[in-house]
Amino acid sequence: MANDEKLLNYLKRVTADLHQTRERLRKAETTTEEPIAIVGMGCRYPGGVTTPDGLWDLVADGRDAIAGFPEDRGWNLENLFDADPDAVGTSYVHEGGFLAAAAEFDAEFFGISPREALATDPQQRLLLETAWETFENARIDPSSLADSNVGVFTGVANGDYALTVDQVPEGFEGYLGIGGAGSIASGRISYSLGLLGPAVSLDTGCSSSLVAMHLASYALRSGECSMALAGGAMVMATPGGFVGFSRQRGLARDGRCKSFGEGADGTNWSEGVGLLLLERLSDARRNGHEVLAVIRGTAVNQDGASNGLTAPNGPSQERVIRQALANAGLTVADVDVVEGHGTGTALGDPIEAQALLATYGQNRPEDQPLWLGSIKSNIGHTQAAAGAAGIIKMVQAMRHGVLPKTLHADQPTSKVDWASGAVSLLSEARPWPETGHPRRAGISSFGVSGTNAHVILEQPPEAETAETEVDDAGTPGLVATGGVVPWMLSGKTQAALRAQAERLVSHLGSGSDANAVDVGWSLATTRAALEHRAVILATDTESGTETARALAEGRPDPLLITGQTGTNGKTVFVFPGQGAQWAGMGAQLLDTSPVFAARLHECAEALAPYTDWSLIDVITSTPDAPSLDRVDVVQPATFAIVVSLAALWQSNGIHPDAVIGHSQGEIAAACVAGHLTLPTAA
């Protein structure tokens, strides 16, 4: 009998251990397969693009961002161009895609000295600024991320800024090593914002930013970081790329990438910066971050010993596509469109198109071809930032339900057997096809080193949204403020503050349907509070926009308050005593603020055993409720109101350093400030 009992206990332990092992395995598999959410985007691209919305406007309008060589970089423009491709030291192309004001940098904002800034590669500087903007795009205050487990993965494939050292004043040599090091591109972002996750700089050539996203996705799934910035940058400090590729006859004569078009005669170099903020989908939902798109699957591989070190390899491209689909758990028919690498070369485009025909072009419904395009036709080949540009373009296309036109490709190249599969070139813009499944897109990038990357994006699942309460004025959440909502802006300098106001005016004038409360909430909770500050007293979106315009233009306005912080200020709660009451005080907040209502009901429950009247009835002016003129009513009611107001303020991140009040008001303020414990009997 004893042996039977021992055996039974042993079997119970084994069964329990097996159950725990299975549960750990299930959690591990779920984590490994969990989709990755894109919750923020930031970018700088040719054509004056400084935001993701600006990039979408450019491609949706079918604009060409290619322009002449910049005149502010010290290039010898008189001798640089020569139509003869054999002319040594020259380029037979005199146009490209360039960032406006690439040399400008707000060094003081990031605490960087002018000398160090001058010695720092513009790619590092623009990545730093774009990182800040990407967090703000995700409605996250960048300054709130210090000591958080956020990773940074950046692709940087060019380092020619150091070649311009003779143009920099003497005495900066000590900064040059750090300023030009590729590893610092990611490390500087982590250092400046205090991020503790992995910081990885990588160079796989033109596939760098997509490889960065691939690595960031795996780091998130493995728990190495809770959020991750991923993308890449390219700024050409010298014309060396144009000169070198001219010798190889690799550039398009007219400077345009004719992606997959019959007239494709070469690529053309461009600049850009693109960053995506990634988070596990479950975390994004729990943290209340808007999910712009979902990364369903990624894959990276290599050409290996193929037909040339720098030549593209069709079979390897097919393999990386199939692996990304397998990782996503999808079939070829589940993807609607591919944002191709599409460099516009006579060699590369046909190889890529045939790989797409052999994969996505097979086993599809006859009326649902794979649509194919490339943003390089708009902005040129932005190299290490090219994949990020394709991601941002397709995220925006999903959200707008439009597949933009690919420029310079009215006639598909005859070097491809288009009849071998169901793939169609986007020679015209068209609505995103209705297929019965979520919108999905593949994005390809192939590095000159032979490193290939493919990412599959998916339209995010619908998030559950609560019904919005609307007050009598028709503005959700506009309560107990006298019809005024504070819009708070800040900047490191007065000029920066005005620039912020200008950006706000531009945003609100671009068709945004945000109401005054939404604008005020976002400005107060998703932006860093910097030294120079302004408060706009907005009665509605239109009036707030007009006051913001006055701030941007440096004009006074009766609804505008400006100032500058010196030291960290103190917060004081000031509460009134008896005599400040009025009929209906707090009634509107009771209906519109869950935090206020919850605390007021707690006070009502605490008062109920000691009164013959209901606090809620008094506040809502129920006909049989006693008047606030009674001293035994007004004192507890005032007490309850200030306690509930304090809870509401604290729920918005406002905590007092001191309190000022009278009688019960003072006691209540001290209680919520943590100085006293509220007794059971009020």
# chains A, B, ... in the order shown; residues from 1 in each chain; ligands from 1

call {"tool": "closest_atom_pairs", "arguments": {"of": "range 82-147 of chain A", "to": "range 158-165 of chain A", "cutoff": "10 Å", "atoms": "only C-alpha atoms", "output": "CSV"}}
result
residue,atom,partner,partner_atom,distance
A:Leu118,CA,A:Val165,CA,9.8
A:Ala119,CA,A:Val165,CA,8.1
A:Thr120,CA,A:Tyr161,CA,8.3
A:Asp121,CA,A:Tyr161,CA,5.8
A:Pro122,CA,A:Tyr161,CA,7.7
A:Gln123,CA,A:Gly159,CA,8.8

call {"tool": "select_by_dssp", "arguments": {"residues": "range 474-650 of chain A", "states": "alpha helix (DSSP H)", "output": "PyMOL selection string"}}
result
chain A and resi 494-508+516-525+541-552+587-592+594-607+615-619+631-650

call {"tool": "residues_around", "arguments": {"residues": "Thr154 in chain A", "least_positions_apart": "4", "cutoff": "10 Å", "atoms": "only C-alpha atoms", "output": "PyMOL selection string"}}
result
chain A and resi 124+127+182-187+189+199-203+208-213+216+229-233+274-275+384-385

call {"tool": "atom_distance", "arguments": {"atom1": "CA of Ala516 in chain A", "atom2": "CA of Thr541 in chain A"}}
result
4.8 Å

call {"tool": "residues_around", "arguments": {"residues": "range 434-436 of chain A", "least_positions_apart": "3", "cutoff": "12 Å", "atoms": "only C-alpha atoms", "output": "number ranges by chain"}}
result
A: 333-337, 364-365, 367-370, 398, 401-402, 430-431, 439-440

call {"tool": "select_by_dssp", "arguments": {"residues": "range 29-106 of chain A", "states": "strand (DSSP E or B)", "output": "list in words"}}
result
Ile36, Ala37, Ile38, Val39, Gly40, Met41, Gly42, Cys43, Arg44, Tyr45, Val49, Ala67, Gly68, Phe81, Ser91, Glu95, Gly96 and Gly97 of chain A

call {"tool": "closest_residue", "arguments": {"among": "A:Val338, A:Leu292, A:Leu523, A:Ala100", "to": "Glu462 in chain A", "atoms": "only C-alpha atoms"}}
result
A:Leu292

call {"tool": "closest_residue", "arguments": {"among": "A:Asn378, A:Val535, A:Ser506, A:Gly342", "to": "Ser444 in chain A", "atoms": "only C-alpha atoms"}}
result
A:Gly342
